[in-house]
Structures are given as C-alpha cells and as structure tokens.
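Report on the following structure.
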Amino acid sequence: MTEKGIRLGAHMSTSRGYHKVPMDSVRIGANTFQIFPHSPSMWKAKLPDEDLATEFKSEMKNTGISPEEVLVHSGYLINLASPKEDVREKSIRLLSLEMKIVKSLGIRNLTFHPGSHLGTGLDSGIDRIVEGLDIVISENEDIEVLLLLENVAAKGGHIGSRFEELKRIIDLSCYSRRLFITYDTCHGFDSGYDLSSKEKVEALLQDFDKKIGLQRLKMIHVNDSKYPLGAGKDRHARIGEGYIGRKGFRCFLSNSYVEKVPWILETPGDDKEHAEDIATIKEILGLSGEAG
Ligand SMILES: [Zn+2]
Ligand SMILES: [Zn+2]
C-alpha cells in the first residue's frame, strides 16, 4: 500500500492463466486488478478448473491482494436490455454463468454494462434489464457476488449514462441489496459529468449521493477521455493525455470519498503502459513508493 492506502490496478490479461494475474499486477506497481471471466467478445465461457482456481486464490493470499477489492468485467456481448429475445436469453445465461465463475475464483465483484435498448426506448429497456437481473440473481441467491452496474457513454441506446437511469434499475429490482456501481471517469465525462475542479467533483458526488447513495459506489474505472466533455464517444485515453487531464484526476482522486474506493485503469496499452499510468497517478497525487 502507498502511504495513503489507495487501491490501484489495471485491467490485466488472463492469457497466461488466472493464477498469474496477482503477481503480474504487483509487478506493475498495482495492489488490485480487473480481469475478464472469458473471452469478452464470445458467448462461450466455462468454470475454471478447480486446481487453477485454488492456485489463483493462493496467489491472491501470497500477494496480499484482497478478493473484495478486485473486479471482474462481464463480456461485451451481454445485453439484458435487448429487444431480441434470443440475445436477451443468451445474456441472462452468460451473466448467470459469469457469477459462478467469479464465485469460483473467490472474487466479490462483477461489473457489467446495463445494456442498450437498441432504439426501442428507455422504459422498456430498463424493464428488460431489471427482469433479466432478477432472474440472474435469483439463480445465484446463495452466491455472495455483487453485481456492479457501470455508467456508460450515452450512445447507441445505451442505458446507464445518467445517475437517474442507474438508480431506476436498482430501485425496480427485487435484489437492490446486491446491486452496486462502477463509476467510469471517461464514460461519466462523455455524459457531461465534469471533474475539472474540486467544486465540480464535490457537486458530482453530491448528485450521486442524492440519486443513488454513495454507499453503492464500489469501484472506479480511471480512464482519461480522447474527446471533450459531453462528447459521448467512449474513447479512453492514457492518464493525463486526454481532456480530463492531470488536473481533473488530481481533483477527483484526492477527494476523501473517492480515495477509499479501488481504482482500475482501462487505458490503452498493456502492462508497460499501465505501469506508467500507475506511476503517473501516484505522481499527480504526490505519492511516492510502491503499491502492494
Ligand atoms: Zn466497462
Ligand atoms: Zn469502464
């Protein structure tokens, strides 16, 4: 841990196996991470072999990374809001299996994009998301995995760019106690949530608290944005190289509430670039020393 006790990591490749991820994370100066539970652009997924899951959990212990503070990111094909019955059904099946994969790795948090109504309107889209979520969670009631709705960029009928939309999903679900939020800084910026001063960050968090409740903010995706405020493009940039910029991240990440939530980078590049972005964040915040 750094002196301020921040939790900071990046989206990591699982191509060498889940069990390699904890140590790979430590190597880039991280003390948390995010992974996919399967190839993110495929419908196919399976539970990890028991031996590998055991090895993964022991590597978590060896590196001191808390399973409560790492994140699994759901596959990109999942769309609970889809008006197409077959897509919706496949999405429910895959998300339910993903919860079991997350559980088998001993991880606590699974984040997903609420979905796109594909032009059929917000209300029916939200109804389908809630219905799908309630099926998925009812099938996994005994599993202590939390589902984190991620705020997305407002484009292509995607639901969840506004706090109000995320709140409606949480309120309508029978399982609101199992639903939390991942706040993505690039997607938020895309949707007009400004981080350019301490006052604006304060206002954003007050808005979040009023509409959703800050206790639901579980994870933060720390991404700069290649496009200006409100552009809705969803193009991530390296930290300090986009329109949020070093000042925006200083204002946001030094906030006393934000500081307590784990931060995950999804910036362009791999381990080398992520190590540099982690160093940049520490430098921006005036932190020295290694995480871990
Ligand atoms: Zn995402
Ligand atoms: Zn994200």
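Residues in the structure tokens are numbered from 1 in each chain, the chains being A, B, ... in the order shown, and ligands are numbered from 1 in the order shown.
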
Using only C-alpha atoms, what table do you get, as JSON lines, when you list each residue of segment 102-178 of chain A with an atom no more than 12 Å from segment 39-54 of chain A, its nearest pair of atoms, and their distance in Å rounded to one decimal, rows by chain then rising number?
{"residue": "A:Val102", "atom": "CA", "partner": "A:Leu47", "partner_atom": "CA", "distance": 8.9}
{"residue": "A:Lys103", "atom": "CA", "partner": "A:Leu47", "partner_atom": "CA", "distance": 9.7}
{"residue": "A:Ser104", "atom": "CA", "partner": "A:Ala53", "partner_atom": "CA", "distance": 6.6}
{"residue": "A:Leu105", "atom": "CA", "partner": "A:Ala53", "partner_atom": "CA", "distance": 5.4}
{"residue": "A:Gly106", "atom": "CA", "partner": "A:Ala53", "partner_atom": "CA", "distance": 8.2}
{"residue": "A:Ile107", "atom": "CA", "partner": "A:Ala53", "partner_atom": "CA", "distance": 10.6}
{"residue": "A:Phe112", "atom": "CA", "partner": "A:Pro40", "partner_atom": "CA", "distance": 11.3}

Collect all residues with atoms no farther than 12 Å from ligand 2, counting only C-alpha atoms and all ligand atoms, and output them as a PyMOL selection string. chain A and resi 10-11+34-35+71-74+76+111-113+148-153+161+181-190+219-225+234-237+263-268

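Residue nearest Asn255 of chain A within the list A:Lys218, A:Arg238, A:Lys198, A:Lys272: A:Lys198 [criterion: smallest interatomic distance, only C-alpha atoms].
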
Within 7 Å of segment 98-100 of chain A, counting only C-alpha atoms, which residues qualify if same-chain residues fewer than 4 places away don't, as a PyMOL selection string? chain A and resi 37+94+104+145

Just to be explicit: take each residue in the selection above, keep C-alpha atoms, and write the result as a PDB file, in the first residue's frame.
ATOM      1  CA  PRO A  37     -14.068 -14.166 -16.948  1.00  0.00           C
ATOM      2  CA  LEU A  94     -23.964 -15.921 -19.701  1.00  0.00           C
ATOM      3  CA  SER A 104     -15.221 -19.984  -8.033  1.00  0.00           C
ATOM      4  CA  VAL A 145     -21.138 -11.996  -5.604  1.00  0.00           C
TER       5      VAL A 145
END

Pick out the closest residue to Glu131 of chain A from this set: A:Ser173, A:Ser96, A:Ser91, A:Asn31. Count only C-alpha atoms.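 That would be A:Ser173, the residue with the smallest distance to Glu131 of chain A.
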
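Using only C-alpha atoms, the residues found no farther than 9 Å from Asp194 of chain A, other than those of its own chain fewer than 3 positions away, are A:Gly188, A:Phe189, A:Ser191, A:Ser197, A:Lys200, A:Val201, A:Leu204, A:Leu229, A:Gly230, A:Ile244, A:Gly248.
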
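For Pro114 of chain A, the non-local neighbours within 9 Å, defined as residues at least 5 positions apart in the same chain or in other chains and counting only C-alpha atoms, are A:Ile78, A:Asn79, A:Leu80, A:Ala81, A:Ile126, A:Ile129, A:Leu149, A:Glu150, A:Asn151, A:Val152, A:His158, A:Ile159, A:Gly160, A:Leu166, A:Ile169.
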
At a cut-off of 12 Å, using only C-alpha atoms, what residues contact Ser176 of chain A? Leave out same-chain residues fewer than 2 positions from it and give the result as a list in words. Val130, Leu133, Asp134, Ile137, Leu146, Leu147, Leu148, Leu149, Leu166, Lys167, Arg168, Ile169, Ile170, Asp171, Leu172, Ser173, Cys174, Arg178, Leu179, Phe180, Ile181, Ile212 and Arg216 of chain A

Between atom CA of Leu118 of chain A and atom CA of Gly157 of chain A, distance in Å (one decimal):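 Here the two named atoms are 5.1 Å from each other.
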
Using only C-alpha atoms and all ligand atoms for the distances, tell me which of A:Phe36, A:Met12, A:Val21, A:Lys210 is nearest to ligand 1.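 Using only C-alpha atoms and all ligand atoms, ligand 1 sits closest to A:Phe36.
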
Just asking: which residues within segment 42-291 of chain A are strand (DSSP E) according to DSSP, as a VMD selection string? chain A and resid 71 to 73 109 to 112 115 to 116 146 to 150 158 to 159 179 to 184 217 to 222 224 to 225 236 to 237 263 to 265

In segment 239-280 of chain A, DSSP helix (DSSP H, G or I) residues written as a list in words: Gly245, Arg246, Lys247, Gly248, Phe249, Arg250, Cys251, Phe252, Leu253, Val258, Glu259, Lys260, Asp271, Lys272, Glu273, His274, Ala275, Glu276, Asp277, Ile278, Ala279 and Thr280 of chain A

Just-selected residues, C-alpha atoms written as a short mmCIF file (atom, residue, chain, number, x, y, z; two decimals), in the first residue's frame:
data_model
loop_
_atom_site.label_atom_id
_atom_site.label_comp_id
_atom_site.auth_asym_id
_atom_site.auth_seq_id
_atom_site.Cartn_x
_atom_site.Cartn_y
_atom_site.Cartn_z
CA GLY A 245 -6.15 15.67 -17.79
CA ARG A 246 -3.84 15.71 -14.80
CA LYS A 247 -5.79 18.47 -13.08
CA GLY A 248 -9.10 16.62 -13.39
CA PHE A 249 -7.63 13.45 -11.90
CA ARG A 250 -5.95 15.42 -9.10
CA CYS A 251 -9.31 16.97 -8.19
CA PHE A 252 -11.23 13.70 -8.45
CA LEU A 253 -8.81 11.18 -6.94
CA VAL A 258 -13.09 8.64 -3.92
CA GLU A 259 -9.80 7.85 -2.17
CA LYS A 260 -11.45 4.96 -0.32
CA ASP A 271 1.35 -3.91 -18.65
CA LYS A 272 4.13 -1.48 -19.60
CA GLU A 273 1.74 1.41 -20.31
CA HIS A 274 -0.35 0.56 -17.23
CA ALA A 275 2.78 0.64 -15.04
CA GLU A 276 3.48 4.10 -16.44
CA ASP A 277 -0.12 5.23 -15.86
CA ILE A 278 0.04 3.96 -12.27
CA ALA A 279 3.26 5.94 -11.78
CA THR A 280 1.58 9.00 -13.33
#

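Each of A:Ile92, A:Val261, A:Ile239, A:Leu217 was compared to Thr32 of chain A using only C-alpha atoms, and A:Val261 turns out to be the nearest.
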
Considering only C-alpha atoms and all ligand atoms, can you say which of A:Leu110, A:Ile101, A:Ile281, A:Ile28 comes closest to ligand 1? A:Leu110

Contact residues around Gly125 of chain A with only C-alpha atoms at 8 Å, ignoring same-chain residues under 5 positions, as a PDB file with N, CA and C atoms, in the first residue's frame:
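Just written: around.pdb:
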ATOM      1  N   ALA A  81     -30.880  -5.558 -22.014  1.00  0.00           N
ATOM      2  CA  ALA A  81     -31.942  -4.651 -22.477  1.00  0.00           C
ATOM      3  C   ALA A  81     -32.374  -4.949 -23.905  1.00  0.00           C
ATOM      4  N   SER A  82     -31.735  -5.933 -24.535  1.00  0.00           N
ATOM      5  CA  SER A  82     -32.016  -6.183 -25.948  1.00  0.00           C
ATOM      6  C   SER A  82     -33.480  -6.565 -26.187  1.00  0.00           C
ATOM      7  N   PRO A  83     -34.098  -5.977 -27.239  1.00  0.00           N
ATOM      8  CA  PRO A  83     -35.464  -6.362 -27.590  1.00  0.00           C
ATOM      9  C   PRO A  83     -35.495  -7.717 -28.307  1.00  0.00           C
ATOM     10  N   GLY A 115     -26.870  -2.190 -20.582  1.00  0.00           N
ATOM     11  CA  GLY A 115     -27.388  -2.683 -21.861  1.00  0.00           C
ATOM     12  C   GLY A 115     -27.944  -1.581 -22.745  1.00  0.00           C
ATOM     13  N   SER A 116     -28.238  -1.939 -23.997  1.00  0.00           N
ATOM     14  CA  SER A 116     -28.790  -0.975 -24.946  1.00  0.00           C
ATOM     15  C   SER A 116     -30.196  -1.387 -25.365  1.00  0.00           C
ATOM     16  N   HIS A 117     -31.098  -0.407 -25.397  1.00  0.00           N
ATOM     17  CA  HIS A 117     -32.474  -0.723 -25.817  1.00  0.00           C
ATOM     18  C   HIS A 117     -32.585  -0.753 -27.335  1.00  0.00           C
ATOM     19  N   THR A 120     -35.541   1.026 -28.929  1.00  0.00           N
ATOM     20  CA  THR A 120     -36.926   0.704 -28.537  1.00  0.00           C
ATOM     21  C   THR A 120     -37.408   1.529 -27.344  1.00  0.00           C
ATOM     22  N   ILE A 159     -28.144   2.331 -21.926  1.00  0.00           N
ATOM     23  CA  ILE A 159     -28.814   2.771 -20.701  1.00  0.00           C
ATOM     24  C   ILE A 159     -27.790   2.825 -19.573  1.00  0.00           C
TER      25      ILE A 159
END

Nearest candidate to ligand 1 (options A:Leu8, A:Ile135, A:Met23, A:Leu77; using only C-alpha atoms and all ligand atoms):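 Closest residue, counting only C-alpha atoms and all ligand atoms: A:Leu77.
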